[in-house]
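Pasting run_35.pdb here (PDB, C-alpha atoms):
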```
ATOM      1  CA  MET A  30     -27.006 -71.663  32.212  1.00  0.00           C
ATOM      2  CA  ILE A  31     -28.716 -68.815  30.415  1.00  0.00           C
ATOM      3  CA  PRO A  32     -26.346 -66.851  28.173  1.00  0.00           C
ATOM      4  CA  ARG A  33     -25.852 -63.272  29.361  1.00  0.00           C
ATOM      5  CA  GLU A  34     -26.899 -61.875  25.969  1.00  0.00           C
ATOM      6  CA  ASP A  35     -30.264 -63.675  26.256  1.00  0.00           C
ATOM      7  CA  VAL A  36     -30.813 -62.148  29.697  1.00  0.00           C
ATOM      8  CA  GLU A  37     -29.843 -58.683  28.427  1.00  0.00           C
ATOM      9  CA  LYS A  38     -32.127 -59.003  25.394  1.00  0.00           C
ATOM     10  CA  SER A  39     -35.044 -59.994  27.653  1.00  0.00           C
ATOM     11  CA  LEU A  40     -34.417 -57.202  30.146  1.00  0.00           C
ATOM     12  CA  HIS A  41     -34.204 -54.525  27.457  1.00  0.00           C
ATOM     13  CA  GLY A  42     -37.004 -55.822  25.242  1.00  0.00           C
ATOM     14  CA  LYS A  43     -40.000 -53.749  24.261  1.00  0.00           C
ATOM     15  CA  ASN A  44     -42.650 -53.825  27.017  1.00  0.00           C
ATOM     16  CA  ALA A  45     -40.319 -55.760  29.365  1.00  0.00           C
ATOM     17  CA  GLU A  46     -41.068 -55.898  33.075  1.00  0.00           C
ATOM     18  CA  ALA A  47     -38.537 -57.634  35.325  1.00  0.00           C
ATOM     19  CA  PHE A  48     -38.771 -58.963  38.876  1.00  0.00           C
ATOM     20  CA  ARG A  49     -36.371 -60.569  41.320  1.00  0.00           C
ATOM     21  CA  ILE A  50     -37.481 -63.699  43.121  1.00  0.00           C
ATOM     22  CA  ILE A  51     -36.788 -63.398  46.853  1.00  0.00           C
ATOM     23  CA  VAL A  52     -37.307 -66.285  49.279  1.00  0.00           C
ATOM     24  CA  GLU A  53     -36.640 -65.767  52.992  1.00  0.00           C
ATOM     25  CA  GLY A  54     -34.663 -62.627  52.195  1.00  0.00           C
ATOM     26  CA  ASN A  55     -32.440 -64.281  49.605  1.00  0.00           C
ATOM     27  CA  GLY A  56     -32.432 -63.641  45.861  1.00  0.00           C
ATOM     28  CA  VAL A  57     -33.077 -67.006  44.227  1.00  0.00           C
ATOM     29  CA  GLY A  58     -33.987 -66.027  40.676  1.00  0.00           C
ATOM     30  CA  GLY A  59     -35.842 -63.680  38.415  1.00  0.00           C
ATOM     31  CA  VAL A  60     -38.593 -63.344  35.868  1.00  0.00           C
ATOM     32  CA  VAL A  61     -39.021 -61.111  32.822  1.00  0.00           C
ATOM     33  CA  VAL A  62     -42.363 -60.708  31.075  1.00  0.00           C
ATOM     34  CA  SER A  63     -43.320 -58.684  28.021  1.00  0.00           C
ATOM     35  CA  ILE A  64     -46.707 -57.007  28.429  1.00  0.00           C
ATOM     36  CA  ASN A  65     -48.598 -55.806  25.355  1.00  0.00           C
ATOM     37  CA  LYS A  66     -51.246 -53.510  26.827  1.00  0.00           C
ATOM     38  CA  GLU A  67     -53.090 -53.229  23.506  1.00  0.00           C
ATOM     39  CA  THR A  68     -53.549 -56.899  22.593  1.00  0.00           C
ATOM     40  CA  GLN A  69     -53.014 -58.453  26.044  1.00  0.00           C
ATOM     41  CA  ASN A  70     -51.108 -61.234  24.280  1.00  0.00           C
ATOM     42  CA  ASN A  71     -48.190 -61.345  26.704  1.00  0.00           C
ATOM     43  CA  ALA A  72     -44.971 -63.327  26.883  1.00  0.00           C
ATOM     44  CA  LEU A  73     -42.907 -64.971  29.561  1.00  0.00           C
ATOM     45  CA  GLU A  74     -39.453 -64.056  28.283  1.00  0.00           C
ATOM     46  CA  LEU A  75     -37.367 -65.487  31.085  1.00  0.00           C
ATOM     47  CA  LEU A  76     -37.912 -67.372  34.328  1.00  0.00           C
ATOM     48  CA  TYR A  77     -34.924 -68.651  36.225  1.00  0.00           C
ATOM     49  CA  ILE A  78     -34.469 -70.091  39.680  1.00  0.00           C
ATOM     50  CA  ASN A  79     -31.247 -71.067  41.394  1.00  0.00           C
ATOM     51  CA  PRO A  80     -30.833 -74.851  40.948  1.00  0.00           C
ATOM     52  CA  ASP A  81     -30.452 -75.235  44.726  1.00  0.00           C
ATOM     53  CA  CYS A  82     -34.078 -74.058  44.983  1.00  0.00           C
ATOM     54  CA  HIS A  83     -35.598 -76.341  42.338  1.00  0.00           C
ATOM     55  CA  SER A  84     -38.457 -78.716  43.210  1.00  0.00           C
ATOM     56  CA  LYS A  85     -39.674 -76.570  46.103  1.00  0.00           C
ATOM     57  CA  GLY A  86     -42.718 -75.076  44.374  1.00  0.00           C
ATOM     58  CA  ILE A  87     -41.087 -71.666  43.935  1.00  0.00           C
ATOM     59  CA  GLY A  88     -41.474 -71.552  40.152  1.00  0.00           C
ATOM     60  CA  GLN A  89     -45.112 -72.536  40.311  1.00  0.00           C
ATOM     61  CA  LYS A  90     -45.819 -69.917  42.993  1.00  0.00           C
ATOM     62  CA  VAL A  91     -44.006 -67.262  40.942  1.00  0.00           C
ATOM     63  CA  TRP A  92     -46.058 -68.161  37.879  1.00  0.00           C
ATOM     64  CA  GLN A  93     -49.298 -67.914  39.892  1.00  0.00           C
ATOM     65  CA  MET A  94     -48.223 -64.464  41.084  1.00  0.00           C
ATOM     66  CA  ILE A  95     -47.485 -63.370  37.507  1.00  0.00           C
ATOM     67  CA  GLU A  96     -50.940 -64.499  36.374  1.00  0.00           C
ATOM     68  CA  GLU A  97     -52.521 -62.614  39.288  1.00  0.00           C
ATOM     69  CA  LYS A  98     -50.516 -59.462  38.507  1.00  0.00           C
ATOM     70  CA  TYR A  99     -51.701 -59.442  34.860  1.00  0.00           C
ATOM     71  CA  PRO A 100     -55.361 -60.585  35.020  1.00  0.00           C
ATOM     72  CA  GLU A 101     -56.224 -58.925  31.689  1.00  0.00           C
ATOM     73  CA  THR A 102     -53.928 -61.288  29.793  1.00  0.00           C
ATOM     74  CA  LYS A 103     -55.687 -63.186  27.023  1.00  0.00           C
ATOM     75  CA  ILE A 104     -52.782 -65.419  26.001  1.00  0.00           C
ATOM     76  CA  TRP A 105     -49.400 -66.122  27.565  1.00  0.00           C
ATOM     77  CA  GLU A 106     -46.584 -67.362  25.327  1.00  0.00           C
ATOM     78  CA  THR A 107     -43.135 -68.746  26.104  1.00  0.00           C
ATOM     79  CA  HIS A 108     -40.409 -70.894  24.519  1.00  0.00           C
ATOM     80  CA  THR A 109     -37.948 -73.518  25.671  1.00  0.00           C
ATOM     81  CA  PRO A 110     -35.383 -75.774  23.959  1.00  0.00           C
ATOM     82  CA  TYR A 111     -36.670 -79.226  22.999  1.00  0.00           C
ATOM     83  CA  PHE A 112     -34.122 -80.958  25.248  1.00  0.00           C
ATOM     84  CA  GLU A 113     -35.124 -79.071  28.424  1.00  0.00           C
ATOM     85  CA  THR A 114     -37.490 -81.754  29.685  1.00  0.00           C
ATOM     86  CA  ARG A 115     -37.649 -80.176  33.151  1.00  0.00           C
ATOM     87  CA  ASN A 116     -38.933 -76.912  31.595  1.00  0.00           C
ATOM     88  CA  ILE A 117     -41.412 -78.754  29.375  1.00  0.00           C
ATOM     89  CA  HIS A 118     -42.795 -80.594  32.416  1.00  0.00           C
ATOM     90  CA  PHE A 119     -43.035 -77.331  34.356  1.00  0.00           C
ATOM     91  CA  TYR A 120     -44.837 -75.349  31.662  1.00  0.00           C
ATOM     92  CA  VAL A 121     -47.230 -78.112  30.574  1.00  0.00           C
ATOM     93  CA  ASN A 122     -47.929 -80.064  33.760  1.00  0.00           C
ATOM     94  CA  ARG A 123     -47.528 -77.391  36.427  1.00  0.00           C
ATOM     95  CA  CYS A 124     -48.538 -74.134  34.715  1.00  0.00           C
ATOM     96  CA  GLY A 125     -51.131 -75.261  32.158  1.00  0.00           C
ATOM     97  CA  PHE A 126     -49.368 -74.251  28.942  1.00  0.00           C
ATOM     98  CA  HIS A 127     -49.803 -76.208  25.705  1.00  0.00           C
ATOM     99  CA  ILE A 128     -47.142 -76.888  23.102  1.00  0.00           C
ATOM    100  CA  VAL A 129     -48.358 -75.191  19.933  1.00  0.00           C
ATOM    101  CA  GLU A 130     -45.309 -75.161  17.662  1.00  0.00           C
ATOM    102  CA  PHE A 131     -41.910 -76.776  17.228  1.00  0.00           C
ATOM    103  CA  PHE A 132     -39.218 -74.589  15.672  1.00  0.00           C
ATOM    104  CA  ASN A 133     -36.374 -76.464  14.004  1.00  0.00           C
ATOM    105  CA  PRO A 134     -34.174 -76.102  10.898  1.00  0.00           C
ATOM    106  CA  ARG A 135     -37.104 -77.167   8.658  1.00  0.00           C
ATOM    107  CA  HIS A 136     -39.528 -74.837  10.440  1.00  0.00           C
ATOM    108  CA  PRO A 137     -37.558 -71.828  11.768  1.00  0.00           C
ATOM    109  CA  ASP A 138     -39.001 -69.164  14.024  1.00  0.00           C
ATOM    110  CA  PRO A 139     -39.900 -66.295  11.673  1.00  0.00           C
ATOM    111  CA  HIS A 140     -39.125 -63.756  14.412  1.00  0.00           C
ATOM    112  CA  ILE A 141     -35.478 -64.810  14.804  1.00  0.00           C
ATOM    113  CA  THR A 142     -32.879 -64.372  12.090  1.00  0.00           C
ATOM    114  CA  GLU A 143     -29.643 -66.210  11.319  1.00  0.00           C
ATOM    115  CA  ILE A 144     -27.787 -62.943  11.802  1.00  0.00           C
ATOM    116  CA  GLU A 145     -29.040 -62.665  15.386  1.00  0.00           C
ATOM    117  CA  ASN A 146     -27.853 -66.119  16.372  1.00  0.00           C
ATOM    118  CA  GLY A 147     -25.445 -67.387  13.725  1.00  0.00           C
ATOM    119  CA  ASP A 148     -26.980 -70.865  13.940  1.00  0.00           C
ATOM    120  CA  GLY A 149     -29.912 -70.811  11.568  1.00  0.00           C
ATOM    121  CA  GLY A 150     -32.032 -68.759  13.905  1.00  0.00           C
ATOM    122  CA  MET A 151     -32.269 -71.237  16.763  1.00  0.00           C
ATOM    123  CA  PRO A 152     -30.887 -69.751  19.973  1.00  0.00           C
ATOM    124  CA  GLY A 153     -29.094 -72.426  21.937  1.00  0.00           C
ATOM    125  CA  GLY A 154     -29.554 -75.212  19.414  1.00  0.00           C
ATOM    126  CA  ASP A 155     -31.620 -76.691  16.654  1.00  0.00           C
ATOM    127  CA  GLY A 156     -35.067 -77.032  18.190  1.00  0.00           C
ATOM    128  CA  PHE A 157     -37.448 -75.011  20.359  1.00  0.00           C
ATOM    129  CA  PHE A 158     -41.025 -75.501  21.524  1.00  0.00           C
ATOM    130  CA  ARG A 159     -43.433 -72.576  21.585  1.00  0.00           C
ATOM    131  CA  PHE A 160     -46.031 -72.776  24.344  1.00  0.00           C
ATOM    132  CA  GLU A 161     -49.291 -70.905  24.813  1.00  0.00           C
ATOM    133  CA  LYS A 162     -51.677 -70.607  27.695  1.00  0.00           C
ATOM    134  CA  VAL A 163     -55.097 -69.233  26.809  1.00  0.00           C
ATOM    135  CA  MET A 164     -56.561 -67.556  29.863  1.00  0.00           C
ATOM    136  CA  GLN A 165     -60.202 -68.156  30.704  1.00  0.00           C
ATOM    137  CA  LYS A 166     -62.326 -65.142  31.557  1.00  0.00           C
TER     138      LYS A 166
END
```
Show this structure as structure tokens.
Amino acid sequence: MIPREDVEKSLHGKNAEAFRIIVEGNGVGGVVVSINKETQNNALELLYINPDCHSKGIGQKVWQMIEEKYPETKIWETHTPYFETRNIHFYVNRCGFHIVEFFNPRHPDPHITEIENGDGGMPGGDGFFRFEKVMQK
């Protein structure tokens, strides 16, 4: 379950663009991206799909649509907790991302402060992977 404050932070972030995921007329999830029009280094801030709809190819289709909507993107970036093996599989094996960094108490994310999270800067725990996908032109 994604904490409400994480969803709110994503929705109200600088350069945020949010979309609902609708399948057969039903809302089954959402996606929030952050689009930097100057650098075209963009971020997938949030992608969630109702668990009842997992393993049906919806996430992969949504990601393909996001890539098509932002063809000028040079690099996509996203993060996920180290224990979320389903997410890691999805980003690496289905979407073509690469793990490029592992944030943990000995290597904290410099963009997140202890004050923001109260846990040494690691939202949701003590370890996060950072992923990148370099887009080919």
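Picked by the PyMOL selection byres ((chain A and resi 109-118) around 10) from the coordinates shown: Glu74, Leu75, Leu76, Thr107, His108, Phe119, Tyr120, Val121, Asn122, Arg123, Cys124, Gly125, Phe126, His127, Ile128, Phe131, Phe132, Asn133, Met151, Pro152, Gly153, Gly154, Asp155, Gly156, Phe157, Phe158, Arg159 and Phe160 of chain A.
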- Item | Explicit residues for the PyMOL selection byres ((chain A and resi 64) around 10) (as a PyMOL selection string) | chain A and resi 43-46+61-63+65-73+99+102+105
- Item | Result set of the PyMOL selection byres ((chain A and resi 92) around 10) on the coordinates above, as a PyMOL selection string | chain A and resi 60+73+76+87-91+93-98+120+123-124
Go ahead and save the picked residues with C-alpha atoms, as an mmCIF file, in the coordinates of the input.
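See selection14.cif below for the written result:
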```cif
data_model
loop_
_atom_site.group_PDB
_atom_site.id
_atom_site.type_symbol
_atom_site.label_atom_id
_atom_site.label_comp_id
_atom_site.auth_asym_id
_atom_site.auth_seq_id
_atom_site.Cartn_x
_atom_site.Cartn_y
_atom_site.Cartn_z
ATOM 1 C CA VAL A 60 -38.593 -63.344 35.868
ATOM 2 C CA LEU A 73 -42.907 -64.971 29.561
ATOM 3 C CA LEU A 76 -37.912 -67.372 34.328
ATOM 4 C CA ILE A 87 -41.087 -71.666 43.935
ATOM 5 C CA GLY A 88 -41.474 -71.552 40.152
ATOM 6 C CA GLN A 89 -45.112 -72.536 40.311
ATOM 7 C CA LYS A 90 -45.819 -69.917 42.993
ATOM 8 C CA VAL A 91 -44.006 -67.262 40.942
ATOM 9 C CA GLN A 93 -49.298 -67.914 39.892
ATOM 10 C CA MET A 94 -48.223 -64.464 41.084
ATOM 11 C CA ILE A 95 -47.485 -63.370 37.507
ATOM 12 C CA GLU A 96 -50.940 -64.499 36.374
ATOM 13 C CA GLU A 97 -52.521 -62.614 39.288
ATOM 14 C CA LYS A 98 -50.516 -59.462 38.507
ATOM 15 C CA TYR A 120 -44.837 -75.349 31.662
ATOM 16 C CA ARG A 123 -47.528 -77.391 36.427
ATOM 17 C CA CYS A 124 -48.538 -74.134 34.715
#
```
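Across the structure, atom CA of A:Glu161 and atom CA of A:Ser84 are spaced 22.7 Å apart.
Each of A:Pro100, A:Pro80, A:Gly58, A:Pro139 was checked against A:Gln165 using all atoms listed in the file; the smallest atom-to-atom distance is that of A:Pro100.
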- Note on the structure: Pairwise distance, atom CA of A:Ser39 with atom CA of A:Gly54, equals 24.7 Å
- Using all atoms listed in the file: which of A:Ile78, A:Val129, A:Ile141, A:Leu40 has the shortest distance to A:Lys162: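 Checking each of A:Ile78, A:Val129, A:Ile141, A:Leu40 against A:Lys162, counting all atoms listed in the file, the winner is A:Val129.
When atom CA of A:Val57 is paired with atom CA of A:Asn79, their separation reads 5.3 Å.
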- Query: Taking into account all atoms listed in the file, which residue in the set A:Glu37, A:Lys103, A:Asp81, A:Pro32 is nearest to A:Gly56?
  - Reply: A:Asp81
